[in-house]
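Everything below belongs to structure_38.txt, which stores compact mmCIF, C-alpha atoms.
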# COMPACT_ATOMS: atom_id res chain seq x y z
CA MET M 211 -6.38 -18.41 -11.41
CA ALA M 212 -6.22 -16.83 -8.05
CA ARG M 213 -2.91 -15.37 -6.93
CA THR M 214 -1.19 -17.34 -4.20
CA LEU M 215 1.88 -16.80 -2.04
CA ILE M 216 3.46 -19.81 -0.39
CA HIS M 217 6.45 -19.47 1.90
CA MET M 218 8.40 -22.50 3.10
CA PRO M 219 12.07 -23.49 3.23
CA ALA M 220 13.42 -25.00 0.00
CA ASN M 221 15.90 -27.09 1.99
CA ALA M 222 15.57 -28.82 5.33
CA ARG M 223 17.27 -31.48 7.43
CA LYS M 224 15.49 -34.81 7.86
CA GLY M 225 13.27 -34.66 10.93
CA GLU M 226 13.27 -30.84 11.03
CA VAL M 227 9.99 -29.11 11.83
CA ILE M 228 9.25 -26.61 9.06
CA GLU M 229 6.70 -23.80 8.95
CA ILE M 230 4.59 -23.33 5.88
CA ARG M 231 2.59 -20.17 5.15
CA ALA M 232 -0.01 -20.10 2.40
CA LEU M 233 -1.94 -17.03 1.28
CA ILE M 234 -4.51 -16.98 -1.51
CA ALA M 235 -6.44 -14.12 -3.11
CA HIS M 236 -10.14 -14.85 -2.66
CA PRO M 237 -13.11 -12.58 -1.81
CA MET M 238 -14.65 -15.04 0.73
CA GLU M 239 -18.08 -13.52 0.13
CA SER M 240 -20.09 -14.77 3.08
CA GLY M 241 -23.51 -14.95 1.48
CA TYR M 242 -25.00 -12.84 4.27
CA ARG M 243 -24.21 -9.39 2.90
CA PRO M 244 -26.77 -7.37 0.98
CA ASP M 245 -25.63 -5.43 -2.09
CA ALA M 246 -26.48 -1.78 -2.78
CA GLY M 247 -29.95 -2.84 -3.94
CA GLY M 248 -30.68 -4.84 -0.79
CA LYS M 249 -30.36 -8.28 -2.37
CA LEU M 250 -28.09 -10.87 -0.80
CA VAL M 251 -24.78 -11.31 -2.59
CA PRO M 252 -24.49 -15.03 -3.36
CA ARG M 253 -22.04 -16.94 -1.21
CA ASP M 254 -18.62 -17.44 -2.76
CA ILE M 255 -16.13 -18.90 -0.30
CA LEU M 256 -13.32 -21.39 -0.17
CA THR M 257 -14.53 -24.52 1.59
CA SER M 258 -11.39 -26.57 2.05
CA PHE M 259 -7.61 -26.49 1.98
CA THR M 260 -5.30 -29.48 1.84
CA CYS M 261 -1.54 -29.89 1.87
CA ARG M 262 -0.12 -33.17 0.56
CA TYR M 263 3.53 -34.13 1.04
CA ASN M 264 4.53 -36.60 -1.67
CA GLY M 265 0.89 -37.63 -1.87
CA ALA M 266 0.22 -38.00 1.87
CA THR M 267 -2.07 -35.44 3.50
CA VAL M 268 -0.12 -33.63 6.23
CA PHE M 269 -2.57 -30.78 6.87
CA SER M 270 -6.13 -29.96 5.92
CA ALA M 271 -8.70 -27.40 6.96
CA GLU M 272 -12.36 -26.60 6.39
CA LEU M 273 -13.15 -22.96 5.71
CA HIS M 274 -16.39 -21.23 6.64
CA PRO M 275 -18.20 -17.96 5.83
CA ALA M 276 -16.77 -16.06 8.82
CA ILE M 277 -13.22 -16.39 7.52
CA SER M 278 -11.89 -13.14 6.06
CA ALA M 279 -11.00 -12.50 2.44
CA ASN M 280 -7.59 -13.64 1.20
CA PRO M 281 -7.23 -16.41 3.79
CA TYR M 282 -3.79 -16.93 5.32
CA ILE M 283 -3.05 -20.39 6.67
CA ALA M 284 0.15 -21.17 8.56
CA PHE M 285 1.03 -24.63 9.83
CA PHE M 286 3.95 -26.93 10.61
CA THR M 287 5.06 -30.28 9.32
CA VAL M 288 8.11 -32.53 9.64
CA ALA M 289 10.56 -32.71 6.74
CA THR M 290 10.73 -36.44 6.00
CA GLU M 291 12.02 -36.78 2.43
CA SER M 292 12.77 -34.76 -0.69
CA GLY M 293 9.88 -34.26 -3.04
CA THR M 294 6.90 -32.02 -3.61
CA LEU M 295 4.33 -30.36 -1.42
CA GLU M 296 1.01 -29.88 -3.12
CA PHE M 297 -1.38 -27.21 -1.89
CA SER M 298 -4.99 -27.28 -3.02
CA TRP M 299 -7.93 -25.04 -2.33
CA GLN M 300 -11.54 -25.91 -3.15
CA GLY M 301 -14.49 -23.58 -3.05
CA ASP M 302 -17.96 -22.60 -4.21
CA HIS M 303 -18.88 -22.57 -7.90
CA GLY M 304 -16.34 -25.28 -8.66
CA PHE M 305 -13.33 -23.26 -7.52
CA ALA M 306 -10.22 -25.44 -7.47
CA GLN M 307 -6.59 -24.46 -7.45
CA THR M 308 -3.43 -26.41 -6.87
CA GLU M 309 0.10 -25.13 -6.35
CA LYS M 310 3.28 -27.18 -5.98
CA MET M 311 6.49 -26.42 -4.10
CA PRO M 312 9.64 -28.56 -4.15
CA ILE M 313 11.63 -29.42 -1.02
CA THR M 314 15.06 -30.96 -0.68
CA VAL M 315 15.67 -32.90 2.52
CA SER M 316 19.25 -33.71 3.47
CA GLY M 317 20.78 -36.37 5.76
CA SER M 318 19.61 -36.77 9.32
CA MET H 206 38.58 46.27 -1.86
CA LYS H 207 38.60 48.23 1.38
CA PRO H 208 40.53 46.78 4.28
CA GLY H 209 38.29 45.36 6.99
CA ARG H 210 35.69 44.04 4.57
CA PRO H 211 36.75 40.36 4.81
CA ALA H 212 36.61 40.54 8.58
CA MET H 213 33.09 41.92 8.41
CA ARG H 214 32.13 39.07 6.15
CA HIS H 215 33.51 36.59 8.62
CA SER H 216 31.58 38.03 11.48
CA ALA H 217 28.41 38.05 9.34
CA ALA H 218 28.97 34.38 8.57
CA ALA H 219 29.49 33.65 12.25
CA VAL H 220 26.21 35.37 13.10
CA CYS H 221 24.49 33.32 10.41
CA ILE H 222 25.88 30.06 11.78
CA ALA H 223 24.87 31.02 15.30
CA THR H 224 21.33 31.79 14.10
CA VAL H 225 21.09 28.44 12.30
CA CYS H 226 22.37 26.62 15.38
CA ALA H 227 19.85 28.38 17.56
CA ALA H 228 17.08 27.54 15.10
CA LEU H 229 18.13 23.89 15.07
CA ALA H 230 18.25 23.73 18.84
CA ALA H 231 14.81 25.34 19.01
CA THR H 232 13.26 22.93 16.48
CA PRO H 233 10.82 20.81 18.44
CA PRO H 234 11.29 17.04 18.17
CA ASP H 235 9.32 15.38 15.37
CA THR H 236 6.00 14.40 16.93
CA ARG H 237 4.65 12.87 13.75
CA LYS H 238 3.58 9.27 14.04
CA SER H 239 2.82 6.87 11.25
CA GLY H 240 -0.61 5.25 11.32
CA ALA H 241 1.21 1.96 11.93
CA GLU H 242 2.09 3.14 15.45
CA PHE H 243 -1.59 3.30 16.38
CA MET H 244 -2.28 -0.30 15.34
CA SER H 245 -2.42 -3.45 17.42
CA ALA H 246 0.71 -5.59 17.66
CA SER H 247 -0.80 -8.27 15.43
CA THR H 248 -1.69 -5.80 12.67
CA GLN H 249 1.81 -4.32 12.91
CA ALA H 250 3.26 -7.82 12.55
CA MET H 251 1.08 -8.39 9.50
CA GLN H 252 2.56 -5.31 7.83
CA ARG H 253 6.13 -6.04 8.92
CA ASP H 254 6.23 -9.61 7.64
CA ASP H 255 5.86 -9.92 3.87
CA THR H 256 4.89 -13.57 4.20
CA GLN H 257 1.84 -12.53 6.24
CA ASN H 258 0.99 -9.28 4.47
CA PRO H 259 -2.01 -9.83 2.17
CA ALA H 260 -0.98 -6.73 0.18
CA MET H 261 1.88 -8.81 -1.21
CA LEU H 262 -0.73 -10.59 -3.35
CA TRP H 263 -1.26 -7.27 -5.15
CA VAL H 264 2.48 -6.61 -5.30
CA GLY H 265 2.94 -10.01 -6.96
CA GLY H 266 0.19 -9.18 -9.44
CA GLY H 267 1.85 -5.82 -10.11
CA GLU H 268 5.17 -7.45 -10.84
CA ALA H 269 3.51 -9.72 -13.40
CA LEU H 270 1.77 -6.71 -15.00
CA TRP H 271 5.07 -4.79 -15.09
CA LYS H 272 6.48 -7.53 -17.30
CA ALA H 273 3.35 -8.14 -19.39
CA LYS H 274 3.19 -6.60 -22.86
CA ALA H 275 0.07 -4.58 -23.51
CA GLY H 276 -1.58 -2.20 -25.95
CA LYS H 277 -1.03 -1.39 -29.60
CA THR H 278 2.69 -0.85 -29.15
CA ASP H 279 3.04 -4.31 -27.58
CA ARG H 280 5.34 -2.99 -24.90
CA SER H 281 5.52 -3.74 -21.19
CA CYS H 282 6.43 -1.25 -18.46
CA GLY H 283 9.76 -3.06 -18.36
CA SER H 284 10.38 -2.49 -22.09
CA CYS H 285 11.01 1.20 -21.36
CA HIS H 286 11.80 1.28 -17.64
CA GLY H 287 13.77 -1.96 -17.31
CA ASP H 288 14.04 -3.47 -13.86
CA ALA H 289 11.63 -1.68 -11.52
CA LYS H 290 13.93 -2.37 -8.58
CA GLN H 291 16.36 0.16 -10.01
CA SER H 292 14.27 2.44 -12.21
CA MET H 293 11.38 2.90 -9.76
CA ARG H 294 13.49 3.32 -6.64
CA GLY H 295 12.37 6.50 -4.87
CA VAL H 296 9.71 7.33 -7.48
CA ALA H 297 6.65 6.79 -5.28
CA ALA H 298 8.17 9.03 -2.60
CA ARG H 299 8.08 11.94 -5.08
CA PHE H 300 4.34 11.82 -5.92
CA PRO H 301 1.96 13.63 -6.40
CA ALA H 302 4.05 15.73 -8.79
CA PHE H 303 3.49 18.51 -11.30
CA ASP H 304 3.23 17.18 -14.85
CA LYS H 305 4.47 19.74 -17.39
CA ALA H 306 2.70 18.13 -20.35
CA SER H 307 -0.77 18.31 -18.83
CA GLY H 308 -0.05 21.39 -16.73
CA ARG H 309 -1.43 19.91 -13.53
CA VAL H 310 -0.43 17.89 -10.52
CA ILE H 311 -0.96 14.15 -10.85
CA THR H 312 -0.80 11.14 -8.55
CA LEU H 313 1.33 8.05 -9.02
CA GLY H 314 -1.74 6.15 -10.22
CA GLN H 315 -2.50 8.81 -12.82
CA ARG H 316 1.14 8.76 -13.93
CA ILE H 317 0.98 4.99 -14.42
CA ASP H 318 -2.20 5.36 -16.42
CA MET H 319 -0.57 8.06 -18.60
CA CYS H 320 2.11 5.54 -19.56
CA ARG H 321 -0.58 2.97 -20.09
CA GLN H 322 -2.55 5.13 -22.49
CA GLY H 323 0.40 7.01 -24.01
CA ALA H 324 3.44 4.78 -24.34
CA GLN H 325 1.57 1.47 -24.43
CA GLN H 326 -1.57 2.74 -26.20
CA ALA H 327 -3.62 0.37 -24.08
CA ALA H 328 -7.06 0.75 -22.52
CA PRO H 329 -7.03 3.10 -19.50
CA LEU H 330 -6.74 1.59 -16.05
CA LYS H 331 -9.86 2.40 -14.03
CA PRO H 332 -9.34 4.10 -10.67
CA GLU H 333 -9.33 1.54 -7.82
CA SER H 334 -9.11 -1.32 -10.32
CA GLU H 335 -7.20 -4.41 -9.28
CA ASP H 336 -4.62 -3.80 -12.02
CA LEU H 337 -3.93 -0.18 -11.14
CA LEU H 338 -3.65 -0.89 -7.41
CA SER H 339 -1.34 -3.81 -8.17
CA LEU H 340 0.98 -1.74 -10.36
CA GLU H 341 0.91 1.14 -7.90
CA SER H 342 1.82 -1.07 -4.96
CA TYR H 343 4.58 -2.79 -6.93
CA VAL H 344 6.07 0.56 -7.95
CA ALA H 345 5.70 2.00 -4.45
CA LEU H 346 7.32 -1.08 -2.87
CA GLN H 347 10.56 -0.09 -4.61
CA SER H 348 10.66 3.03 -2.39
CA ARG H 349 9.87 1.25 0.87
CA GLY H 350 11.86 2.69 3.74
CA MET H 351 12.82 5.83 1.82
CA PRO H 352 11.76 9.25 3.15
CA MET H 353 8.73 10.93 1.60
CA ASN H 354 10.22 13.47 -0.74
CA PRO H 355 7.54 15.70 -2.32
CA PRO H 356 8.75 17.83 -5.25
CA GLN H 357 9.46 21.48 -4.50
CA ASP H 358 8.47 22.96 -7.87
CA PRO H 359 5.92 25.82 -7.85
CA GLY H 360 3.15 23.70 -9.41
CA THR H 361 3.29 21.02 -6.74
CA ILE H 362 3.69 23.59 -3.96
CA ALA H 363 0.60 25.44 -5.20
CA ALA H 364 -1.42 22.20 -5.26
CA ALA H 365 -0.25 21.38 -1.74
CA ALA H 366 -1.29 24.86 -0.60
CA ARG H 367 -4.79 24.35 -2.04
CA GLY H 368 -4.84 20.90 -0.44
CA GLY H 369 -3.89 22.45 2.89
CA GLN H 370 -6.86 24.79 2.67
CA LEU H 371 -9.16 21.86 1.96
CA TYR H 372 -7.60 20.03 4.90
CA ARG H 373 -8.61 22.84 7.24
CA GLN H 374 -12.00 23.49 5.59
CA ARG H 375 -15.03 22.34 7.57
CA ILE H 376 -17.25 20.15 5.39
CA GLY H 377 -20.37 18.01 5.52
CA GLN H 378 -23.39 17.80 7.79
CA LEU H 379 -21.06 17.10 10.70
CA ASN H 380 -19.19 20.32 9.79
CA LEU H 381 -15.77 18.84 10.45
CA SER H 382 -12.42 19.45 8.81
CA CYS H 383 -9.68 16.88 8.40
CA ALA H 384 -7.56 18.92 10.83
CA GLN H 385 -10.11 18.76 13.62
CA CYS H 386 -9.68 14.99 13.89
CA HIS H 387 -6.17 14.37 12.62
CA ASP H 388 -4.34 17.41 14.05
CA GLU H 389 -6.39 18.30 17.12
CA ASN H 390 -7.69 14.95 18.31
CA TRP H 391 -5.31 12.26 17.13
CA GLY H 392 -4.74 9.47 19.62
CA ARG H 393 -8.31 9.79 20.92
CA LYS H 394 -11.17 7.50 20.03
CA LEU H 395 -13.74 7.84 17.28
CA ALA H 396 -16.17 5.12 18.32
CA GLY H 397 -13.95 2.07 18.77
CA ALA H 398 -11.13 3.24 16.53
CA THR H 399 -8.10 5.32 17.46
CA ILE H 400 -7.79 8.48 15.36
CA PRO H 401 -4.36 8.46 13.69
CA GLN H 402 -2.50 11.57 12.58
CA GLY H 403 -3.49 10.80 9.03
CA HIS H 404 -0.11 10.55 7.34
CA ALA H 405 -0.19 9.24 3.80
CA ASN H 406 3.03 7.22 3.93
CA ALA H 407 1.81 3.66 3.34
CA TYR H 408 -0.52 3.82 0.33
CA PRO H 409 -1.90 1.87 -1.38
CA ILE H 410 -2.89 0.03 1.80
CA TYR H 411 -4.49 -3.29 2.57
CA ARG H 412 -7.28 -2.25 4.89
CA LEU H 413 -8.74 -5.02 7.02
CA GLU H 414 -12.13 -3.31 7.00
CA TRP H 415 -12.15 -3.29 3.19
CA GLN H 416 -10.75 -6.82 3.03
CA ALA H 417 -8.85 -5.50 0.06
CA MET H 418 -6.32 -3.03 -1.26
CA GLY H 419 -7.31 0.61 -1.64
CA SER H 420 -5.79 3.92 -2.63
CA LEU H 421 -5.34 7.10 -0.62
CA GLN H 422 -8.28 8.60 -2.53
CA ARG H 423 -10.50 5.75 -1.37
CA ARG H 424 -9.45 6.55 2.17
CA LEU H 425 -10.10 10.29 1.68
CA ARG H 426 -13.53 9.62 0.15
CA ASN H 427 -14.26 7.35 3.12
CA CYS H 428 -13.61 10.16 5.58
CA MET H 429 -15.63 12.61 3.49
CA SER H 430 -18.68 10.37 3.41
CA GLY H 431 -18.07 9.80 7.13
CA VAL H 432 -18.63 13.49 7.86
CA ARG H 433 -21.56 13.39 5.41
CA ALA H 434 -19.99 15.67 2.87
CA GLU H 435 -20.31 15.50 -0.88
CA VAL H 436 -17.74 12.97 -2.07
CA PRO H 437 -15.70 13.97 -5.13
CA PRO H 438 -15.18 11.36 -7.86
CA TYR H 439 -11.86 9.51 -8.14
CA GLY H 440 -9.21 11.67 -9.78
CA ALA H 441 -10.96 14.95 -8.84
CA GLN H 442 -8.47 17.80 -8.49
CA ASP H 443 -9.56 18.37 -4.87
CA LEU H 444 -8.46 14.85 -3.97
CA VAL H 445 -5.18 15.22 -5.86
CA ASP H 446 -4.49 18.54 -4.10
CA LEU H 447 -5.22 16.92 -0.75
CA GLU H 448 -2.80 14.14 -1.65
CA ALA H 449 -0.15 16.73 -2.50
CA PHE H 450 -0.69 18.44 0.86
CA LEU H 451 -0.54 15.14 2.76
CA SER H 452 2.67 14.21 0.98
CA LEU H 453 4.23 17.52 2.06
CA ARG H 454 2.88 17.02 5.58
CA ALA H 455 4.54 13.60 5.76
CA LYS H 456 7.80 14.84 4.21
CA GLY H 457 10.76 12.90 5.54
CA MET H 458 8.68 10.10 7.04
CA ALA H 459 9.58 6.61 5.83
CA LEU H 460 7.39 5.16 3.10
CA GLU H 461 5.77 1.92 4.33
CA THR H 462 3.99 0.70 1.21
CA PRO H 463 2.40 -1.81 1.14
CA GLY H 464 0.86 -0.86 4.48
CA VAL H 465 -1.77 -2.75 6.44
CA ARG H 466 -4.36 -0.73 8.32
CA PRO H 467 -7.32 -1.81 10.50

Can you turn what I pasted into structure tokens?
Amino acid sequence: MARTLIHMPANARKGEVIEIRALIAHPMESGYRPDAGGKLVPRDILTSFTCRYNGATVFSAELHPAISANPYIAFFTVATESGTLEFSWQGDHGFAQTEKMPITVSGS
Amino acid sequence: MKPGRPAMRHSAAAVCIATVCAALAATPPDTRKSGAEFMSASTQAMQRDDTQNPAMLWVGGGEALWKAKAGKTDRSCGSCHGDAKQSMRGVAARFPAFDKASGRVITLGQRIDMCRQGAQQAAPLKPESEDLLSLESYVALQSRGMPMNPPQDPGTIAAAARGGQLYRQRIGQLNLSCAQCHDENWGRKLAGATIPQGHANAYPIYRLEWQAMGSLQRRLRNCMSGVRAEVPPYGAQDLVDLEAFLSLRAKGMALETPGVRP
């Protein structure tokens, strides 16, 4: 399991725009770098990131070899209802990780 | 007691105070600058904001390790030291320090590994390993914002003095000393990069070039191979002495761990 850090408000008002910051520990090995012996280090990157809000995708991104290690993704969404945000990362060699964060949305 | 003696004492004290005042007034302003001041605004923001700082991934890992039981004694760091927020406050600011038991000066990383092998009876933590850097950054975070406070015992002072000699010693094919760049030419460019003053007040750091966390010794070895000198292995006494000197050199500067550097 890769280490992740997700920052977002635990409480929000209905209709409020909230910022979400997600950081994950990953080497993002590009596949273009030679090792000490001159051989290419096999590519090992994250290829996609998705954020689902109570099941509905609110943000997604494709990741490519030029993205640095430990990718940091910040984005905004609108707080619509209480529930769970699900963050998932997919990558090479079957890498898959999902993290969940609860949110409580009050009134209007 | 002869009459007049107390008056003499008073005047002597007054002279002393006047001398101290003059010395204080003559002290030049602190021109030391943390490496963070030489960075771009975006890199500074990355260090300032824990939600952006990738080093916090290591800090999080260190916190988990602090609480994890390990070794034959089945104890965690917390079993002896309790809550790191209290017990480790200010500790990182006091390293490297002279260790009476081994009779030499050791770094924070070496101290952690001593606990690991001694109190926990667990496998040693390799230098620059993920686990050691994580624990080190978690421990050092507890001293963030505190002034660097190197110990003043004779053992540490002697190590710092040896480190100071190494700092001024020309080495490598390029025949350069640390001081020639970091004392005499800081603020100027070395290729595209600005030369900082080389203060060791943010280690372990997340270095963007490394795309990972690294110790002060990694940074020192980097510079040494940069001037094409022979690079000592991790934990070599030369590197520890240099660390002790750098800690003394940065005395009073605020600890920034976990720092971000370009």

Quick one: distance from CA of Asp288 in chain H to CA of Glu448 in chain H in Å, one decimal?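 Result for CA of Asp288 in chain H versus CA of Glu448 in chain H: 27.3 Å, one decimal.
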
Between H:Ala417, H:Ile362, H:Cys282, H:Ala297, single out the one closest to Met319 in chain H, counting all atoms listed in the file. H:Cys282

Report, in Å to a single decimal, how far apart CA of Arg412 in chain H and CA of Pro467 in chain H are.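 CA of Arg412 in chain H lies at a distance of 5.6 Å from CA of Pro467 in chain H.
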
Up to 10 Å from chain H, what residues of chain M turn up? Count only C-alpha atoms and give them as a VMD selection string. chain M and resid 212 to 218 230 to 238 278 to 284

Distance query Ser334 in chain H at most 12 Å, only C-alpha atoms, self and fewer than 2 positions along chain excluded, as a compact mmCIF listing (two decimals) with C-alpha atoms, keeping the file's coordinate frame:
# COMPACT_ATOMS: atom_id res chain seq x y z
CA TRP H 263 -1.26 -7.27 -5.15
CA GLY H 267 1.85 -5.82 -10.11
CA GLY H 314 -1.74 6.15 -10.22
CA ASP H 318 -2.20 5.36 -16.42
CA PRO H 329 -7.03 3.10 -19.50
CA LEU H 330 -6.74 1.59 -16.05
CA LYS H 331 -9.86 2.40 -14.03
CA PRO H 332 -9.34 4.10 -10.67
CA ASP H 336 -4.62 -3.80 -12.02
CA LEU H 337 -3.93 -0.18 -11.14
CA LEU H 338 -3.65 -0.89 -7.41
CA SER H 339 -1.34 -3.81 -8.17
CA LEU H 340 0.98 -1.74 -10.36
CA GLU H 341 0.91 1.14 -7.90
CA PRO H 409 -1.90 1.87 -1.38
CA ALA H 417 -8.85 -5.50 0.06
CA MET H 418 -6.32 -3.03 -1.26
CA GLY H 419 -7.31 0.61 -1.64
CA SER H 420 -5.79 3.92 -2.63
CA ARG H 423 -10.50 5.75 -1.37
CA TYR H 439 -11.86 9.51 -8.14
